Amino acid sequence: MPERRITIKEVAERFDISRSHLMKIVTELVAKGFVDGARCKGGGLRLARASSEIGLGNVVRQLEPSLALVECFGTQSHCLLDPACRLKGALDGALQAFLAALDRVSLADLVGSDARLHEALGLQAAARAIAPITIVRPPAGRERR
């Protein structure tokens, strides 16, 4: 059975968030190829690809305008300490570790078949198999993008 499309109105009401804010997010998700949107009768939103193919690291990289944690990460640093700064390297290492951790998690890992999550979202009982969420880590040398 094909997945039903969900509307922005349904998401906004379910999570009590602004429809205009959600429209901005959805527009970005559609533009980046994570979500497929249709405006016709029976339209709405659905994932553009399998949830197992949507890595969180990729989503963050695509949706965040800048991952520069501090001004000196950019090319036009005006910091007096820049030539001898060790903080910049430490922060860059932390950022890379953060992204590497997200690269090991897919959308499927987050939603899986967790009965509590399905219940909280009001999904049908038939879709609620009780099983723990497992985070799949790719073998060394094979990172998700």
# chains A, B, ... in the order shown; residues from 1 in each chain; ligands from 1
>>> residues_around(residues="Leu47 in chain A", least_positions_apart="2", cutoff="8 Å", atoms="only C-alpha atoms", output="number ranges by chain")
A: 34-36, 45, 49-51
>>> select_by_dssp(residues="chain A", states="helix (DSSP H, G or I)", output="ChimeraX atom specification")
/A:8-15,19-31,51-53,56-63,71-73,82-84,87-103,107-111,115-121,125-127
>>> select_by_dssp(residues="chain A", states="strand (DSSP E)", output="VMD selection string")
chain A and resid 35 to 38 44 to 47
>>> atom_distance(atom1="CA of Leu81 in chain A", atom2="CA of Leu69 in chain A")
16.2 Å
>>> atom_distance(atom1="CA of Ala100 in chain A", atom2="CA of Leu67 in chain A")
13.6 Å
>>> residues_around(residues="Val30 in chain A", least_positions_apart="2", cutoff="12 Å", atoms="only C-alpha atoms", output="PDB file with C-alpha atoms, in the first residue's frame")
ATOM      1  CA  MET A  23       6.265  26.268   4.698  1.00  0.00           C
ATOM      2  CA  LYS A  24       9.792  27.707   4.729  1.00  0.00           C
ATOM      3  CA  ILE A  25      11.228  24.439   6.045  1.00  0.00           C
ATOM      4  CA  VAL A  26       9.252  22.290   3.610  1.00  0.00           C
ATOM      5  CA  THR A  27      10.245  24.483   0.669  1.00  0.00           C
ATOM      6  CA  GLU A  28      13.891  23.910   1.604  1.00  0.00           C
ATOM      7  CA  LYS A  32      17.155  19.750  -1.481  1.00  0.00           C
ATOM      8  CA  GLY A  33      15.398  16.554  -2.578  1.00  0.00           C
ATOM      9  CA  PHE A  34      14.465  15.157   0.836  1.00  0.00           C
ATOM     10  CA  VAL A  35      10.701  15.631   0.451  1.00  0.00           C
ATOM     11  CA  ASP A  36       8.381  15.380  -2.532  1.00  0.00           C
ATOM     12  CA  GLY A  37       5.528  17.880  -2.554  1.00  0.00           C
ATOM     13  CA  ALA A  38       2.406  17.910  -4.724  1.00  0.00           C
ATOM     14  CA  GLY A  44       0.730  16.828   0.108  1.00  0.00           C
ATOM     15  CA  LEU A  45       4.127  15.733   1.267  1.00  0.00           C
ATOM     16  CA  ARG A  46       6.035  12.478   1.408  1.00  0.00           C
ATOM     17  CA  LEU A  47       9.658  11.474   1.561  1.00  0.00           C
ATOM     18  CA  ALA A  48      11.398  11.739  -1.791  1.00  0.00           C
ATOM     19  CA  ARG A  49      13.408   8.583  -1.082  1.00  0.00           C
ATOM     20  CA  VAL A  59      20.405  16.922   6.053  1.00  0.00           C
ATOM     21  CA  GLN A  62      22.272  20.804   3.193  1.00  0.00           C
ATOM     22  CA  LEU A  63      19.989  22.858   5.422  1.00  0.00           C
TER      23      LEU A  63
END
>>> atom_distance(atom1="CA of Ser52 in chain A", atom2="CA of Asp109 in chain A")
7.3 Å
>>> decode(residues="range 87-100 of chain A", atoms="all heavy atoms", output="PDB file, in the first residue's frame")
ATOM      1  N   LEU A  87      42.235  27.156  19.618  1.00  0.00           N
ATOM      2  CA  LEU A  87      40.802  26.944  19.813  1.00  0.00           C
ATOM      3  C   LEU A  87      40.116  26.597  18.500  1.00  0.00           C
ATOM      4  O   LEU A  87      39.259  25.713  18.450  1.00  0.00           O
ATOM      5  CB  LEU A  87      40.152  28.185  20.436  1.00  0.00           C
ATOM      6  CG  LEU A  87      38.635  28.121  20.631  1.00  0.00           C
ATOM      7  CD1 LEU A  87      38.254  26.963  21.559  1.00  0.00           C
ATOM      8  CD2 LEU A  87      38.116  29.440  21.170  1.00  0.00           C
ATOM      9  N   LYS A  88      40.516  27.263  17.434  1.00  0.00           N
ATOM     10  CA  LYS A  88      39.890  27.011  16.129  1.00  0.00           C
ATOM     11  C   LYS A  88      40.042  25.546  15.735  1.00  0.00           C
ATOM     12  O   LYS A  88      39.093  24.920  15.278  1.00  0.00           O
ATOM     13  CB  LYS A  88      40.504  27.934  15.063  1.00  0.00           C
ATOM     14  CG  LYS A  88      39.858  27.765  13.706  1.00  0.00           C
ATOM     15  CD  LYS A  88      40.142  28.894  12.734  1.00  0.00           C
ATOM     16  CE  LYS A  88      41.572  29.075  12.383  1.00  0.00           C
ATOM     17  NZ  LYS A  88      41.767  30.026  11.266  1.00  0.00           N
ATOM     18  N   GLY A  89      41.204  24.971  15.931  1.00  0.00           N
ATOM     19  CA  GLY A  89      41.419  23.560  15.613  1.00  0.00           C
ATOM     20  C   GLY A  89      40.582  22.636  16.478  1.00  0.00           C
ATOM     21  O   GLY A  89      40.032  21.637  16.008  1.00  0.00           O
ATOM     22  N   ALA A  90      40.465  22.973  17.759  1.00  0.00           N
ATOM     23  CA  ALA A  90      39.654  22.164  18.674  1.00  0.00           C
ATOM     24  C   ALA A  90      38.184  22.221  18.281  1.00  0.00           C
ATOM     25  O   ALA A  90      37.491  21.200  18.264  1.00  0.00           O
ATOM     26  CB  ALA A  90      39.844  22.641  20.111  1.00  0.00           C
ATOM     27  N   LEU A  91      37.693  23.414  17.942  1.00  0.00           N
ATOM     28  CA  LEU A  91      36.300  23.557  17.535  1.00  0.00           C
ATOM     29  C   LEU A  91      36.028  22.857  16.205  1.00  0.00           C
ATOM     30  O   LEU A  91      34.978  22.243  16.022  1.00  0.00           O
ATOM     31  CB  LEU A  91      35.919  25.039  17.449  1.00  0.00           C
ATOM     32  CG  LEU A  91      35.843  25.776  18.782  1.00  0.00           C
ATOM     33  CD1 LEU A  91      35.577  27.258  18.545  1.00  0.00           C
ATOM     34  CD2 LEU A  91      34.794  25.163  19.687  1.00  0.00           C
ATOM     35  N   ASP A  92      36.981  22.936  15.287  1.00  0.00           N
ATOM     36  CA  ASP A  92      36.814  22.240  14.015  1.00  0.00           C
ATOM     37  C   ASP A  92      36.771  20.723  14.236  1.00  0.00           C
ATOM     38  O   ASP A  92      35.959  20.032  13.631  1.00  0.00           O
ATOM     39  CB  ASP A  92      37.930  22.601  13.037  1.00  0.00           C
ATOM     40  CG  ASP A  92      37.692  21.973  11.677  1.00  0.00           C
ATOM     41  OD1 ASP A  92      36.600  22.181  11.095  1.00  0.00           O
ATOM     42  OD2 ASP A  92      38.582  21.236  11.198  1.00  0.00           O
ATOM     43  N   GLY A  93      37.617  20.220  15.117  1.00  0.00           N
ATOM     44  CA  GLY A  93      37.593  18.795  15.440  1.00  0.00           C
ATOM     45  C   GLY A  93      36.253  18.378  16.032  1.00  0.00           C
ATOM     46  O   GLY A  93      35.707  17.318  15.704  1.00  0.00           O
ATOM     47  N   ALA A  94      35.698  19.216  16.904  1.00  0.00           N
ATOM     48  CA  ALA A  94      34.396  18.937  17.509  1.00  0.00           C
ATOM     49  C   ALA A  94      33.300  18.939  16.448  1.00  0.00           C
ATOM     50  O   ALA A  94      32.417  18.073  16.443  1.00  0.00           O
ATOM     51  CB  ALA A  94      34.090  19.958  18.599  1.00  0.00           C
ATOM     52  N   LEU A  95      33.350  19.905  15.535  1.00  0.00           N
ATOM     53  CA  LEU A  95      32.369  19.963  14.454  1.00  0.00           C
ATOM     54  C   LEU A  95      32.451  18.722  13.577  1.00  0.00           C
ATOM     55  O   LEU A  95      31.425  18.130  13.225  1.00  0.00           O
ATOM     56  CB  LEU A  95      32.577  21.229  13.615  1.00  0.00           C
ATOM     57  CG  LEU A  95      31.692  21.370  12.379  1.00  0.00           C
ATOM     58  CD1 LEU A  95      30.214  21.414  12.763  1.00  0.00           C
ATOM     59  CD2 LEU A  95      32.087  22.614  11.586  1.00  0.00           C
ATOM     60  N   GLN A  96      33.654  18.309  13.233  1.00  0.00           N
ATOM     61  CA  GLN A  96      33.815  17.109  12.393  1.00  0.00           C
ATOM     62  C   GLN A  96      33.321  15.859  13.116  1.00  0.00           C
ATOM     63  O   GLN A  96      32.698  14.984  12.498  1.00  0.00           O
ATOM     64  CB  GLN A  96      35.278  16.954  11.951  1.00  0.00           C
ATOM     65  CG  GLN A  96      35.793  18.086  11.073  1.00  0.00           C
ATOM     66  CD  GLN A  96      34.845  18.454   9.940  1.00  0.00           C
ATOM     67  OE1 GLN A  96      34.342  17.590   9.229  1.00  0.00           O
ATOM     68  NE2 GLN A  96      34.593  19.750   9.774  1.00  0.00           N
ATOM     69  N   ALA A  97      33.551  15.761  14.416  1.00  0.00           N
ATOM     70  CA  ALA A  97      33.059  14.619  15.195  1.00  0.00           C
ATOM     71  C   ALA A  97      31.534  14.622  15.249  1.00  0.00           C
ATOM     72  O   ALA A  97      30.892  13.568  15.127  1.00  0.00           O
ATOM     73  CB  ALA A  97      33.647  14.660  16.606  1.00  0.00           C
ATOM     74  N   PHE A  98      30.957  15.794  15.415  1.00  0.00           N
ATOM     75  CA  PHE A  98      29.496  15.949  15.418  1.00  0.00           C
ATOM     76  C   PHE A  98      28.900  15.467  14.100  1.00  0.00           C
ATOM     77  O   PHE A  98      27.966  14.663  14.074  1.00  0.00           O
ATOM     78  CB  PHE A  98      29.161  17.422  15.680  1.00  0.00           C
ATOM     79  CG  PHE A  98      27.719  17.792  15.492  1.00  0.00           C
ATOM     80  CD1 PHE A  98      26.754  17.373  16.397  1.00  0.00           C
ATOM     81  CD2 PHE A  98      27.332  18.583  14.426  1.00  0.00           C
ATOM     82  CE1 PHE A  98      25.419  17.734  16.228  1.00  0.00           C
ATOM     83  CE2 PHE A  98      26.010  18.949  14.247  1.00  0.00           C
ATOM     84  CZ  PHE A  98      25.042  18.519  15.159  1.00  0.00           C
ATOM     85  N   LEU A  99      29.456  15.946  12.983  1.00  0.00           N
ATOM     86  CA  LEU A  99      28.952  15.553  11.669  1.00  0.00           C
ATOM     87  C   LEU A  99      29.173  14.066  11.410  1.00  0.00           C
ATOM     88  O   LEU A  99      28.314  13.399  10.834  1.00  0.00           O
ATOM     89  CB  LEU A  99      29.595  16.405  10.574  1.00  0.00           C
ATOM     90  CG  LEU A  99      29.184  17.884  10.592  1.00  0.00           C
ATOM     91  CD1 LEU A  99      30.040  18.686   9.625  1.00  0.00           C
ATOM     92  CD2 LEU A  99      27.701  18.043  10.284  1.00  0.00           C
ATOM     93  N   ALA A 100      30.311  13.533  11.843  1.00  0.00           N
ATOM     94  CA  ALA A 100      30.584  12.102  11.670  1.00  0.00           C
ATOM     95  C   ALA A 100      29.560  11.272  12.438  1.00  0.00           C
ATOM     96  O   ALA A 100      29.092  10.230  11.949  1.00  0.00           O
ATOM     97  CB  ALA A 100      32.005  11.766  12.122  1.00  0.00           C
TER      98      ALA A 100
END
